[in-house]
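Have a look at coords-v7.txt; it's compact mmCIF, C-alpha atoms (C1' of nucleotides):
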```txt
# COMPACT_ATOMS: atom_id res chain seq x y z
CA MET A 1 4.82 32.16 -0.34
CA LYS A 2 1.80 31.83 -2.56
CA VAL A 3 1.11 31.48 -6.25
CA ASP A 4 -0.27 34.52 -8.03
CA GLN A 5 -3.19 33.68 -10.28
CA ARG A 6 -2.81 37.01 -12.13
CA ASP A 7 0.84 36.52 -12.89
CA SER A 8 1.36 35.27 -16.43
CA THR A 9 4.09 32.93 -15.21
CA PRO A 10 2.69 29.38 -15.41
CA LEU A 11 1.31 28.27 -12.05
CA HIS A 12 3.38 25.11 -12.05
CA GLU A 13 6.52 27.22 -12.48
CA GLN A 14 5.52 29.49 -9.65
CA LEU A 15 4.79 26.52 -7.45
CA ALA A 16 8.04 24.83 -8.41
CA ALA A 17 9.92 27.94 -7.38
CA ILE A 18 8.10 28.05 -4.06
CA LEU A 19 8.75 24.42 -3.27
CA ARG A 20 12.36 24.67 -4.40
CA ALA A 21 12.90 27.53 -1.98
CA GLU A 22 11.17 25.70 0.87
CA ILE A 23 13.27 22.62 0.29
CA ASN A 24 16.47 24.62 0.33
CA GLU A 25 15.34 26.28 3.53
CA GLY A 26 15.08 22.85 5.08
CA LYS A 27 11.34 23.11 5.64
CA TYR A 28 10.86 19.41 4.89
CA ALA A 29 14.10 18.16 6.35
CA GLU A 30 12.35 16.57 9.28
CA SER A 31 10.14 14.13 7.41
CA GLY A 32 12.45 13.97 4.42
CA MET A 33 9.50 14.17 2.12
CA LEU A 34 7.02 16.59 0.56
CA PRO A 35 3.39 16.74 1.68
CA SER A 36 0.94 14.76 -0.43
CA GLU A 37 -0.23 16.14 -3.75
CA SER A 38 -3.76 16.65 -2.41
CA TYR A 39 -2.39 18.64 0.49
CA LEU A 40 -0.28 20.89 -1.72
CA GLN A 41 -3.25 21.25 -4.04
CA GLN A 42 -5.44 22.67 -1.27
CA GLU A 43 -2.61 24.55 0.39
CA HIS A 44 -1.80 26.52 -2.75
CA GLY A 45 -5.20 26.66 -4.35
CA VAL A 46 -4.22 24.92 -7.57
CA SER A 47 -5.21 21.69 -9.26
CA ARG A 48 -3.44 18.44 -8.65
CA GLY A 49 -2.13 18.46 -12.21
CA THR A 50 -0.33 21.69 -11.50
CA VAL A 51 1.17 20.24 -8.34
CA ARG A 52 2.39 17.24 -10.29
CA ARG A 53 3.97 19.39 -13.00
CA ALA A 54 5.80 21.38 -10.34
CA ILE A 55 7.08 18.22 -8.72
CA GLU A 56 8.06 16.93 -12.15
CA THR A 57 10.30 19.94 -12.54
CA LEU A 58 11.95 19.41 -9.19
CA THR A 59 12.44 15.76 -10.05
CA ALA A 60 14.20 16.69 -13.28
CA GLU A 61 16.45 18.91 -11.22
CA GLY A 62 17.34 16.00 -8.97
CA LEU A 63 15.88 17.75 -5.97
CA VAL A 64 13.20 15.19 -5.20
CA PHE A 65 11.94 11.82 -6.38
CA THR A 66 8.56 10.17 -6.03
CA ILE A 67 7.57 6.57 -5.48
CA ALA A 68 4.08 5.42 -6.42
CA ALA A 69 1.65 5.29 -3.55
CA ARG A 70 4.34 6.27 -1.07
CA GLY A 71 5.08 9.89 -1.69
CA THR A 72 7.66 12.40 -2.86
CA PHE A 73 11.02 12.26 -1.14
CA ILE A 74 13.67 14.94 -0.77
CA GLY A 75 16.94 14.11 -2.45
CA LYS A 76 18.21 12.30 -5.50
CA ARG A 77 16.58 9.09 -6.60
CA PRO A 78 18.55 6.02 -5.54
CA PRO A 79 20.26 4.23 -8.45
CA ASP A 80 18.16 1.09 -8.17
CA ALA A 81 14.83 2.83 -8.18
CA LYS A 82 13.23 2.17 -11.51
CA SER A 83 10.15 4.34 -11.78
CA ARG A 84 10.03 7.83 -13.13
CA MET B 1 17.06 -10.87 1.44
CA LYS B 2 15.18 -7.74 2.35
CA VAL B 3 12.80 -5.35 0.67
CA ASP B 4 14.24 -1.99 -0.33
CA GLN B 5 11.92 0.84 0.72
CA ARG B 6 13.72 3.27 -1.54
CA ASP B 7 13.41 1.06 -4.57
CA SER B 8 10.29 2.01 -6.46
CA THR B 9 9.57 -1.58 -7.39
CA PRO B 10 6.29 -2.31 -5.58
CA LEU B 11 6.99 -3.75 -2.16
CA HIS B 12 4.66 -6.67 -2.72
CA GLU B 13 6.61 -7.58 -5.85
CA GLN B 14 9.89 -7.41 -4.02
CA LEU B 15 8.50 -9.55 -1.22
CA ALA B 16 6.98 -12.07 -3.64
CA ALA B 17 10.36 -12.48 -5.28
CA ILE B 18 12.03 -13.01 -1.93
CA LEU B 19 9.50 -15.60 -0.76
CA ARG B 20 9.57 -17.36 -4.13
CA ALA B 21 13.33 -17.72 -3.85
CA GLU B 22 13.15 -18.96 -0.27
CA ILE B 23 10.53 -21.53 -1.17
CA ASN B 24 12.63 -22.83 -4.03
CA GLU B 25 15.61 -23.04 -1.71
CA GLY B 26 13.56 -25.31 0.53
CA LYS B 27 13.60 -22.92 3.43
CA TYR B 28 10.08 -23.88 4.44
CA ALA B 29 10.24 -27.53 3.44
CA GLU B 30 10.31 -28.68 7.03
CA SER B 31 7.01 -27.19 8.19
CA GLY B 32 5.51 -27.23 4.71
CA MET B 33 4.07 -23.83 5.30
CA LEU B 34 4.89 -20.14 5.31
CA PRO B 35 5.18 -18.14 8.52
CA SER B 36 2.06 -16.22 9.50
CA GLU B 37 1.27 -12.94 7.80
CA SER B 38 1.94 -11.00 11.02
CA TYR B 39 5.34 -12.62 11.30
CA LEU B 40 6.28 -11.83 7.72
CA GLN B 41 4.97 -8.31 8.23
CA GLN B 42 7.35 -7.66 11.11
CA GLU B 43 10.17 -9.66 9.60
CA HIS B 44 10.22 -7.58 6.42
CA GLY B 45 9.05 -4.28 7.77
CA VAL B 46 6.00 -3.94 5.55
CA SER B 47 2.28 -3.83 6.17
CA ARG B 48 0.17 -6.94 6.27
CA GLY B 49 -1.62 -5.87 3.14
CA THR B 50 1.68 -5.97 1.31
CA VAL B 51 2.36 -9.45 2.66
CA ARG B 52 -1.05 -10.61 1.50
CA ARG B 53 -0.55 -9.25 -2.00
CA ALA B 54 2.77 -11.03 -2.24
CA ILE B 55 1.18 -14.30 -1.15
CA GLU B 56 -1.64 -13.68 -3.61
CA THR B 57 0.93 -13.64 -6.39
CA LEU B 58 2.51 -16.89 -5.26
CA THR B 59 -0.94 -18.44 -4.99
CA ALA B 60 -1.71 -17.44 -8.57
CA GLU B 61 1.54 -19.12 -9.56
CA GLY B 62 0.43 -22.32 -7.86
CA LEU B 63 3.36 -22.18 -5.48
CA VAL B 64 1.34 -21.93 -2.28
CA PHE B 65 -2.26 -22.02 -1.08
CA THR B 66 -3.98 -20.47 1.90
CA ILE B 67 -6.61 -21.78 4.30
CA ALA B 68 -8.52 -19.27 6.39
CA ALA B 69 -7.37 -19.03 9.98
CA ARG B 70 -4.93 -21.91 9.40
CA GLY B 71 -2.13 -20.56 7.32
CA THR B 72 -0.39 -20.61 3.98
CA PHE B 73 0.93 -23.95 2.77
CA ILE B 74 3.64 -24.80 0.28
CA GLY B 75 2.45 -26.53 -2.85
CA LYS B 76 -0.66 -26.71 -4.96
CA ARG B 77 -4.05 -26.57 -3.31
CA PRO B 78 -5.54 -30.03 -2.85
CA PRO B 79 -9.16 -30.55 -3.99
CA ASP B 80 -10.37 -30.85 -0.39
CA ALA B 81 -8.03 -28.45 1.30
CA LYS B 82 -10.70 -27.29 3.71
CA SER B 83 -11.20 -30.54 5.56
CA ARG B 84 -8.89 -32.07 8.09
C1' DG C 1 -18.09 -25.97 25.96
C1' DA C 2 -16.19 -21.09 27.10
C1' DG C 3 -12.89 -17.71 26.35
C1' DA C 4 -8.55 -16.06 24.72
C1' DA C 5 -5.09 -16.05 21.31
C1' DT C 6 -3.75 -16.63 16.60
C1' DT C 7 -4.50 -16.48 11.66
C1' DT C 8 -6.67 -15.19 7.52
C1' DG C 9 -10.70 -12.28 5.31
C1' DT C 10 -12.88 -7.88 4.18
C1' DA C 11 -13.58 -2.95 4.04
C1' DC C 12 -12.03 1.49 3.90
C1' DG C 13 -8.78 5.56 3.66
C1' DT C 14 -4.97 7.76 1.50
C1' DA C 15 -1.26 8.34 -1.96
C1' DT C 16 0.53 8.45 -6.63
C1' DG C 17 -0.13 7.04 -11.86
C1' DT C 18 -2.78 7.45 -16.08
C1' DA C 19 -6.43 8.92 -19.24
C1' DT C 20 -10.12 11.98 -20.93
C1' DG C 21 -12.44 16.18 -21.74
C1' DA D 1 -4.79 24.91 -16.17
C1' DC D 2 -8.50 22.53 -14.33
C1' DA D 3 -11.83 18.75 -13.21
C1' DT D 4 -13.03 14.08 -13.01
C1' DA D 5 -12.67 9.29 -13.13
C1' DC D 6 -10.37 5.23 -12.59
C1' DA D 7 -6.16 2.22 -11.63
C1' DT D 8 -2.46 0.72 -8.64
C1' DA D 9 0.05 0.72 -4.17
C1' DC D 10 0.32 0.86 0.81
C1' DG D 11 -1.58 0.95 5.29
C1' DT D 12 -5.06 0.42 9.23
C1' DA D 13 -9.06 -1.35 11.52
C1' DC D 14 -12.41 -4.58 12.28
C1' DA D 15 -14.58 -9.14 11.36
C1' DA D 16 -14.55 -14.26 10.84
C1' DA D 17 -12.49 -18.80 11.32
C1' DT D 18 -9.55 -21.79 13.68
C1' DT D 19 -6.72 -23.29 17.44
C1' DC D 20 -5.24 -23.40 22.18
C1' DT D 21 -5.88 -23.22 27.25
```

Please go through the file and, once you have read it, give me the structure as structure tokens.
Amino acid sequence: MKVDQRDSTPLHEQLAAILRAEINEGKYAESGMLPSESYLQQEHGVSRGTVRRAIETLTAEGLVFTIAARGTFIGKRPPDAKSR
Amino acid sequence: MKVDQRDSTPLHEQLAAILRAEINEGKYAESGMLPSESYLQQEHGVSRGTVRRAIETLTAEGLVFTIAARGTFIGKRPPDAKSR
DNA sequence: GAGAATTTGTACGTATGTATG
DNA sequence: ACATACATACGTACAAATTCT
């Protein structure tokens, strides 16, 4: 799946939908985490800001959570994790 | 006490808190020094860089001081800490 | 003193967080 | 939405200093 630059749907929404589907398909079940933002940026041909907005959406949905300098993990954020 | 990899509190902060508590409990009173960085690294399952940042914090607090290739000692750095 | 082992020091690479235009 | 720059966090590799055999 790829984002469509001509589609009027915001890129970050398109990307969020793609990632959401991939997660539900178990694509990242092995590592338990998403690829780095830079990787996703190059992979999908969008800016890092767009990648981050997409991940933000998935975080709000409780699908993933990120920890600074470590990465974005699949699943709900543990109760004692303080960052956003 | 152990660091929590899923807690988003920086690992070096978690480790600093652990070491600070252990020092105050007198855990290292006997030797008067901290274990080596490699030991702490394996003991707590973090990288050496994280260990060093934790020790850096304790040093800034005046709780310990480090001498190159010798180790990290409990207490405030003496004026002539380099000589033997 | 020589050489190996141990310990701390420094540099660099990668990842996410924040700010600006 | 994108680009860039910088900050913070974590890790790895190599270098330097000290100690031990």

Q. Taking only C-alpha atoms (C1' of nucleotides) into account, which residues of chain B are within 10 Å of chain D, as a ChimeraX atom specification?
A. /B:10-12,46-50,67-71

Q. Pairing every Cα of chain B with chain A in order, what RMSD remains after the least-squares superposition?
A. 2.3 Å

Once 5 Å is added on each side, what are the centre and the three edge lengths, in Å to one decimal, of the axis-aligned box enclosing the listed atoms of range 6-16 of chain C? Present them as lines of an AutoDock Vina configuration file.
```
center_x = -6.5
center_y = -4.1
center_z = 5.0
size_x = 24.1
size_y = 35.1
size_z = 33.2
```

**Q.** d(CA of Thr57 in chain B, C1' of DT10 in chain C) in Å
**A.** 18.3 Å

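CA of Glu61 in chain A sits 21.4 Å away from CA of Lys2 in chain A.
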
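In this structure, CA of Arg53 in chain B sits 10.6 Å away from CA of Glu37 in chain B.
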
**Q.** Counting only C-alpha atoms, chain B residues within 10 Å of chain A, as a count of residues only
**A.** 7

Q.
Based on all atoms listed in the file, which of the residues in chain C come within 8 Å of chain B? I want them as a ChimeraX atom specification.
A. /C:6-9

If we count all atoms listed in the file and set the cut-off at 12 Å, which residues sit around Glu22 in chain B, ignoring sequence neighbours fewer than 4 positions away in its own chain? Please answer as an mmCIF file with C-alpha atoms, in the coordinates of the input.
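Writing done, so here's out.cif:
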```cif
data_model
loop_
_atom_site.group_PDB
_atom_site.id
_atom_site.type_symbol
_atom_site.label_atom_id
_atom_site.label_comp_id
_atom_site.auth_asym_id
_atom_site.auth_seq_id
_atom_site.Cartn_x
_atom_site.Cartn_y
_atom_site.Cartn_z
ATOM 1 C CA MET B 1 17.060 -10.870 1.440
ATOM 2 C CA LYS B 2 15.180 -7.740 2.350
ATOM 3 C CA LEU B 15 8.500 -9.550 -1.220
ATOM 4 C CA ALA B 16 6.980 -12.070 -3.640
ATOM 5 C CA ALA B 17 10.360 -12.480 -5.280
ATOM 6 C CA ILE B 18 12.030 -13.010 -1.930
ATOM 7 C CA GLY B 26 13.560 -25.310 0.530
ATOM 8 C CA LYS B 27 13.600 -22.920 3.430
ATOM 9 C CA TYR B 28 10.080 -23.880 4.440
ATOM 10 C CA ALA B 29 10.240 -27.530 3.440
ATOM 11 C CA MET B 33 4.070 -23.830 5.300
ATOM 12 C CA LEU B 34 4.890 -20.140 5.310
ATOM 13 C CA PRO B 35 5.180 -18.140 8.520
ATOM 14 C CA LEU B 58 2.510 -16.890 -5.260
ATOM 15 C CA LEU B 63 3.360 -22.180 -5.480
ATOM 16 C CA ILE B 74 3.640 -24.800 0.280
#
```
